[in-house]
Every structure is written in structure tokens, then in C-alpha cells.
Amino acid sequence: MNLLLAEDYLLQDYPEHITNTIRSGHSTCVRFNRTGDFLASGRVDGTVVIWDLETMGVARKLRGHSKNITSLSWSRCGRYLLSACQGWKAILWDLQDGTKYREVRFRAPVYGAELHPMHHHQFAAALFEEQPMLVDVTDPFEVRHILPSVEKRSDEGLDTPTKEQHAKEDARHMTTAIVYTATGEHLLAGTTKGRLNIIDATTRQIIYSCKIAGGVITTLRLTESGKELLVNAQDRTIRTFKVPDLTSADLDPDTIQIPLEHKFQDLVNRLSWNHAAFSSTGEYVAASTFNNHELYIWERGHGSLVRMLEGPKEEQGVIEWHPHKPMLAACGLESGRINIWSVTSPQRWSALAPDFVEVEENVEYMEKEDEFDIHPHEEIQKRRLDAEDEDVDVLGNAGGAGGDVAPFRMPVLFNLGESDSEEEYVNVGLGTLRRKSPDDQDDGGSVTEKPPAKKTVTQRTRTRKR
């Protein structure tokens, strides 16, 4: 598209105003799929909800967890979704029919789990007070490999107390965030000591490790190209790094360098950041703040703050950027609602008629000679039949998932109980709310209430003595 001919609002690369608010239970995390057609949200009760962004309605509900959902990860094709929870397990869902494809149980709660970018049968999981794991569910019985959180020490020639001290230090070193590189050949892991580890997915050994933050690393995000890394830590600083080409045939682990690009922080208010995300093009960085309701957006090229998004007066948690549009989705920590910020596009009346022109004041309209002529019915019918013969692709792949992956379309559900959003509370009277029971219909319509029983009041008559 020629940018000189584009509308002004199309040149906007970051959202400005809150445009939608959706809710299904109390959401704690969200994740867009690769094409940006659907948004997955995890709830505190363990339910995973798939939202259709075209209609802002619920496309599917996946029930299998019993604890708070901590992370979500889509497969490249969009058919499979990996969800992890605090209930010590991860579930790989098949969205073709909404069933559990595989279920993996761990010995600790899961910080987060990330699917392999090319193979949906493999994923990596960061566990609470346990070493991370690489899981392969290709076979009926899953294969697990423990990944290291610290480099191996050469304790040769050291005395026993020193070796024991090193062992205790290594035992306290845990992985809190983990992501795959763009090709899936390496893993990037953040630890409780603020170190970044690069792990070879084949040998499952650390090939590079360095300290990049002064606190626990909570979030790791890569751009679509995999050349930029976003790190959020508990030291009130968000950092971006340049990731080298790890797929090079002559890669030497001793020469790997990850240079720091920018630091994003609030030097005035000294705010901490709950979550951070890259924009679709990687040109912007967005973050949600701790004990604050505003969202910050920085421009990555110069490291300058370009926007502070206003929204509901509540703290926002997990934040995600749409993969193709200037759209942000964030979870409210108090209400559990999903707030969506995007660009408000003006009304374009010229889209209805190519020759439509907006004028400042009324002008006299000159009617054309044949503008309102009545055409014969046979000619109109012939035009209609000719238009019906043309093949129109109404299900084309607008997102562009790439030629190497077969496109997946979410099946259309005809059960209203599965497709409509719901509120968790039902109004049963004036100022009286009750939690919705599983037997209540979840069709988004009005709730049919039984009329209250009429109270019969018996009036007692008193006999007065005269």
C-alpha cells in the first residue's frame, strides 16, 4: 500500500483508546493466535476460553484444569493450544473438537509452558522450585528431559566444603521463564538470579549464560523474526537485547554475545512492571504497571515514551499485542475482565459509494438523465444470475499463516451454550445477586425467573366490647 495515499489513522502503529471489554469469568492471562483471529484467555477456575475477535464472542470453552491458568501457548497452525496451571499439570488441546489431546502432570506448579514453534508435540515448561523440563508427547508415553538452570562447575581440586557450598547455590537457582527461539533449535531461559541461559534443545546443555538483570526474570518475549529479546525482571527495569544467529553452522559458544539495546523504566515514580510485550512489528514495547492502571508504550528505536494508555481504574496484569494490528489486550486484576485497546477508525462514507464526497454545506444536486430510470425486469434478473455465477471466496485466509503450514479454521458451534459469553452472577432480585450454577442456561439471553410466591396476609379482626 502506498503510505502517502493511506488514511491518517492507518499510519498509527499503536493503540490509543479502549474499544472493547469482554468477560467470561475472572481471566488471568491472554494469548493471541498466530493469525490474530482468536484470543485465548485462562481463568482462575481453570477454564480456558477462546474468543472470536471478529464477533467478540466465545468460540469455545475448554474445561480440564482445576486451578488458576498461568500460561497459554498456540501452535503454529492454530489448531492446538497448550495451557498450564497451578494445579501441577499442562494440557494440550485439539481445537478441532475441543478435546484433550495430551495431558502431562508434573511434581510442582507450572510457571509457564511454551510450545515448539514447528512441532506441537514438544514443549518446554518452567516449574516452581523445580528444574525446567523439555517434554515430547509424540509417543503414547511422554518423554521428559530435565533442563539445567545453571552451568556445570569444574570442581576438580576443590575441597569438600566448597563443593557442598556450590551445590547449595546451584540448588537455589531456578528457571522462572522459558521460550523457544524462532527456529526451535535453542531455548532462552531466565532464572531467579537474573541470568539468561541459552540451552541447546538437542543436547539439552547450556551453551551461554550471563547475568542481565538484578532480580527475578518474570517475562521473556521474542519478536516474530526472533532477532530481538524482551526481558522483564523484578528490578523495575524492562530491557531489550539483540539475539545473534544461533543457527549458524560455525557457531562458537565462546563468541556468543547478546548486547543490550535499551532500558525502559520510570525514573520518577519508580514503578514496577507486571508484564511486557512487543508490538506486531517489534517497533514498540508495551507494559502494564504494578499498583497503577496505566499502560506504557515506548518506541524501541529511540527508547522514548510515546503513549500512556488510560483505561479502567484497576491494575492490569498480563498484556498481549495483536500479531498484525495495533491492538492490545490486558487482564484486569480485580474484575478479571479483558480490556482491549485499539485505533478508533473514523467513518468512511466513501466506502459505500466510490463517488461519494463529503461537503461542508448543502449543495444543489443535479440529477442525471438516466439515473433513476426503471429497467426491465428481464434485464435485472439477467444481471442477478450473472452475479451469482461468480465464485466468491468468503473463507479466505486473511491472516496469512504462511505457505508451510496448512490453515486451520475453528469449527462453527451451533450450541448457544458453548458459543456465547456469560456473566458469572445472575440478578435474582432488586439488589440481590447469586453465583450462576452449572444448571443455568448460558445462552447470553435473559434469565427466566419464577414469580415469587404471593404471601397471604390474614387480618385478624378484634371485637371491641361496648
# chains A, B, ... in the order shown; residues from 1 in each chain; ligands from 1

call {"tool": "residues_around", "arguments": {"residues": "A:Phe408", "least_positions_apart": "3", "cutoff": "7 Å", "atoms": "only C-alpha atoms", "output": "list in words"}}
result
Cys77, Gly78 and Arg79 of chain A

call {"tool": "write_last_selection", "arguments": {"atoms": "N, CA and C atoms", "output": "PDB file, in the first residue's frame"}}
result
ATOM      1  N   CYS A  77       0.102 -23.801  13.535  1.00  0.00           N
ATOM      2  CA  CYS A  77      -1.050 -23.941  12.658  1.00  0.00           C
ATOM      3  C   CYS A  77      -2.326 -23.388  13.280  1.00  0.00           C
ATOM      4  N   GLY A  78      -2.353 -23.174  14.591  1.00  0.00           N
ATOM      5  CA  GLY A  78      -3.532 -22.644  15.255  1.00  0.00           C
ATOM      6  C   GLY A  78      -4.535 -23.682  15.690  1.00  0.00           C
ATOM      7  N   ARG A  79      -4.240 -24.960  15.458  1.00  0.00           N
ATOM      8  CA  ARG A  79      -5.198 -25.997  15.831  1.00  0.00           C
ATOM      9  C   ARG A  79      -5.021 -26.446  17.277  1.00  0.00           C
TER      10      ARG A  79
END

call {"tool": "residues_around", "arguments": {"residues": "stretch 332-334 of chain A", "least_positions_apart": "6", "cutoff": "12 Å", "atoms": "only C-alpha atoms", "output": "number ranges by chain"}}
result
A: 21-23, 25-30, 43-44, 274, 288-295, 311-319, 340

call {"tool": "select_by_dssp", "arguments": {"residues": "stretch 155-327 of chain A", "states": "alpha helix (DSSP H)", "output": "PyMOL selection string"}}
result
chain A and resi 160-171

call {"tool": "atom_distance", "arguments": {"atom1": "atom CA of A:Ala113", "atom2": "atom CA of A:Leu328"}}
result
21.8 Å

call {"tool": "decode", "arguments": {"residues": "stretch 114-145 of chain A", "atoms": "N, CA, C and O atoms", "output": "mmCIF file, in the first residue's frame"}}
result
data_model
loop_
_atom_site.group_PDB
_atom_site.id
_atom_site.type_symbol
_atom_site.label_atom_id
_atom_site.label_comp_id
_atom_site.auth_asym_id
_atom_site.auth_seq_id
_atom_site.Cartn_x
_atom_site.Cartn_y
_atom_site.Cartn_z
ATOM 1 N N GLU A 114 5.748 -23.379 26.979
ATOM 2 C CA GLU A 114 5.827 -22.830 25.633
ATOM 3 C C GLU A 114 5.947 -23.956 24.623
ATOM 4 O O GLU A 114 6.801 -24.848 24.767
ATOM 5 N N LEU A 115 5.074 -23.936 23.601
ATOM 6 C CA LEU A 115 5.115 -24.939 22.549
ATOM 7 C C LEU A 115 6.272 -24.685 21.597
ATOM 8 O O LEU A 115 6.685 -23.538 21.379
ATOM 9 N N HIS A 116 6.781 -25.780 21.020
ATOM 10 C CA HIS A 116 7.811 -25.674 19.986
ATOM 11 C C HIS A 116 7.227 -24.933 18.785
ATOM 12 O O HIS A 116 6.079 -25.186 18.388
ATOM 13 N N PRO A 117 7.943 -24.005 18.172
ATOM 14 C CA PRO A 117 7.362 -23.219 17.079
ATOM 15 C C PRO A 117 7.060 -24.030 15.826
ATOM 16 O O PRO A 117 6.277 -23.576 14.979
ATOM 17 N N MET A 118 7.646 -25.217 15.677
ATOM 18 C CA MET A 118 7.430 -26.021 14.477
ATOM 19 C C MET A 118 6.689 -27.326 14.752
ATOM 20 O O MET A 118 6.002 -27.841 13.874
ATOM 21 N N HIS A 119 6.843 -27.886 15.950
ATOM 22 C CA HIS A 119 6.245 -29.178 16.282
ATOM 23 C C HIS A 119 5.382 -29.018 17.533
ATOM 24 O O HIS A 119 5.902 -28.677 18.602
ATOM 25 N N HIS A 120 4.087 -29.276 17.385
ATOM 26 C CA HIS A 120 3.192 -29.093 18.526
ATOM 27 C C HIS A 120 3.278 -30.236 19.524
ATOM 28 O O HIS A 120 2.611 -30.192 20.561
ATOM 29 N N HIS A 121 4.072 -31.275 19.248
ATOM 30 C CA HIS A 121 4.219 -32.382 20.191
ATOM 31 C C HIS A 121 5.313 -32.128 21.223
ATOM 32 O O HIS A 121 5.515 -32.952 22.120
ATOM 33 N N GLN A 122 6.022 -31.032 21.112
ATOM 34 C CA GLN A 122 7.106 -30.739 22.039
ATOM 35 C C GLN A 122 6.849 -29.395 22.710
ATOM 36 O O GLN A 122 6.396 -28.451 22.051
ATOM 37 N N PHE A 123 7.161 -29.335 23.999
ATOM 38 C CA PHE A 123 7.054 -28.063 24.713
ATOM 39 C C PHE A 123 8.015 -28.055 25.884
ATOM 40 O O PHE A 123 8.471 -29.108 26.358
ATOM 41 N N ALA A 124 8.338 -26.853 26.333
ATOM 42 C CA ALA A 124 9.211 -26.648 27.495
ATOM 43 C C ALA A 124 8.405 -26.006 28.602
ATOM 44 O O ALA A 124 7.544 -25.161 28.343
ATOM 45 N N ALA A 125 8.690 -26.404 29.843
ATOM 46 C CA ALA A 125 7.923 -25.920 30.988
ATOM 47 C C ALA A 125 8.878 -25.473 32.093
ATOM 48 O O ALA A 125 9.856 -26.159 32.396
ATOM 49 N N ALA A 126 8.590 -24.302 32.676
ATOM 50 C CA ALA A 126 9.306 -23.798 33.843
ATOM 51 C C ALA A 126 8.461 -24.080 35.073
ATOM 52 O O ALA A 126 7.288 -23.688 35.129
ATOM 53 N N LEU A 127 9.038 -24.762 36.057
ATOM 54 C CA LEU A 127 8.306 -25.240 37.223
ATOM 55 C C LEU A 127 8.711 -24.483 38.475
ATOM 56 O O LEU A 127 9.836 -23.971 38.589
ATOM 57 N N PHE A 128 7.791 -24.435 39.436
ATOM 58 C CA PHE A 128 8.016 -23.750 40.707
ATOM 59 C C PHE A 128 8.916 -24.607 41.599
ATOM 60 O O PHE A 128 8.575 -25.743 41.946
ATOM 61 N N GLU A 129 10.085 -24.050 41.959
ATOM 62 C CA GLU A 129 11.072 -24.713 42.819
ATOM 63 C C GLU A 129 11.484 -26.083 42.286
ATOM 64 O O GLU A 129 11.815 -26.982 43.057
ATOM 65 N N GLU A 130 11.443 -26.244 40.976
ATOM 66 C CA GLU A 130 11.928 -27.460 40.320
ATOM 67 C C GLU A 130 12.683 -27.043 39.069
ATOM 68 O O GLU A 130 12.547 -25.924 38.574
ATOM 69 N N GLN A 131 13.491 -27.947 38.537
ATOM 70 C CA GLN A 131 14.222 -27.655 37.315
ATOM 71 C C GLN A 131 13.275 -27.724 36.123
ATOM 72 O O GLN A 131 12.319 -28.488 36.118
ATOM 73 N N PRO A 132 13.507 -26.908 35.095
ATOM 74 C CA PRO A 132 12.622 -26.923 33.925
ATOM 75 C C PRO A 132 12.702 -28.243 33.181
ATOM 76 O O PRO A 132 13.659 -29.014 33.337
ATOM 77 N N MET A 133 11.686 -28.501 32.374
ATOM 78 C CA MET A 133 11.597 -29.770 31.655
ATOM 79 C C MET A 133 11.305 -29.537 30.188
ATOM 80 O O MET A 133 10.612 -28.591 29.816
ATOM 81 N N LEU A 134 11.834 -30.431 29.369
ATOM 82 C CA LEU A 134 11.530 -30.498 27.947
ATOM 83 C C LEU A 134 10.708 -31.763 27.731
ATOM 84 O O LEU A 134 11.166 -32.870 28.042
ATOM 85 N N VAL A 135 9.487 -31.619 27.237
ATOM 86 C CA VAL A 135 8.534 -32.722 27.155
ATOM 87 C C VAL A 135 8.211 -32.996 25.694
ATOM 88 O O VAL A 135 7.972 -32.064 24.915
ATOM 89 N N ASP A 136 8.209 -34.291 25.341
ATOM 90 C CA ASP A 136 7.842 -34.731 23.994
ATOM 91 C C ASP A 136 6.677 -35.708 24.123
ATOM 92 O O ASP A 136 6.801 -36.761 24.762
ATOM 93 N N VAL A 137 5.527 -35.357 23.531
ATOM 94 C CA VAL A 137 4.323 -36.185 23.641
ATOM 95 C C VAL A 137 3.986 -36.850 22.312
ATOM 96 O O VAL A 137 2.840 -37.184 22.053
ATOM 97 N N THR A 138 4.999 -37.075 21.480
ATOM 98 C CA THR A 138 4.756 -37.737 20.200
ATOM 99 C C THR A 138 4.276 -39.163 20.411
ATOM 100 O O THR A 138 3.311 -39.617 19.768
ATOM 101 N N ASP A 139 4.924 -39.887 21.312
ATOM 102 C CA ASP A 139 4.551 -41.270 21.614
ATOM 103 C C ASP A 139 3.433 -41.300 22.645
ATOM 104 O O ASP A 139 3.158 -40.308 23.323
ATOM 105 N N PRO A 140 2.775 -42.442 22.797
ATOM 106 C CA PRO A 140 1.708 -42.540 23.812
ATOM 107 C C PRO A 140 2.190 -42.208 25.218
ATOM 108 O O PRO A 140 1.421 -41.689 26.028
ATOM 109 N N PHE A 141 3.438 -42.527 25.536
ATOM 110 C CA PHE A 141 4.008 -42.174 26.845
ATOM 111 C C PHE A 141 4.990 -41.030 26.624
ATOM 112 O O PHE A 141 5.933 -41.149 25.832
ATOM 113 N N GLU A 142 4.736 -39.906 27.315
ATOM 114 C CA GLU A 142 5.568 -38.731 27.087
ATOM 115 C C GLU A 142 6.999 -38.964 27.538
ATOM 116 O O GLU A 142 7.260 -39.738 28.476
ATOM 117 N N VAL A 143 7.925 -38.305 26.876
ATOM 118 C CA VAL A 143 9.349 -38.371 27.198
ATOM 119 C C VAL A 143 9.741 -37.033 27.816
ATOM 120 O O VAL A 143 9.510 -35.975 27.220
ATOM 121 N N ARG A 144 10.353 -37.097 29.003
ATOM 122 C CA ARG A 144 10.726 -35.883 29.722
ATOM 123 C C ARG A 144 12.241 -35.807 29.862
ATOM 124 O O ARG A 144 12.903 -36.801 30.125
ATOM 125 N N HIS A 145 12.746 -34.593 29.689
ATOM 126 C CA HIS A 145 14.173 -34.333 29.873
ATOM 127 C C HIS A 145 14.310 -33.128 30.791
ATOM 128 O O HIS A 145 13.716 -32.080 30.543
#
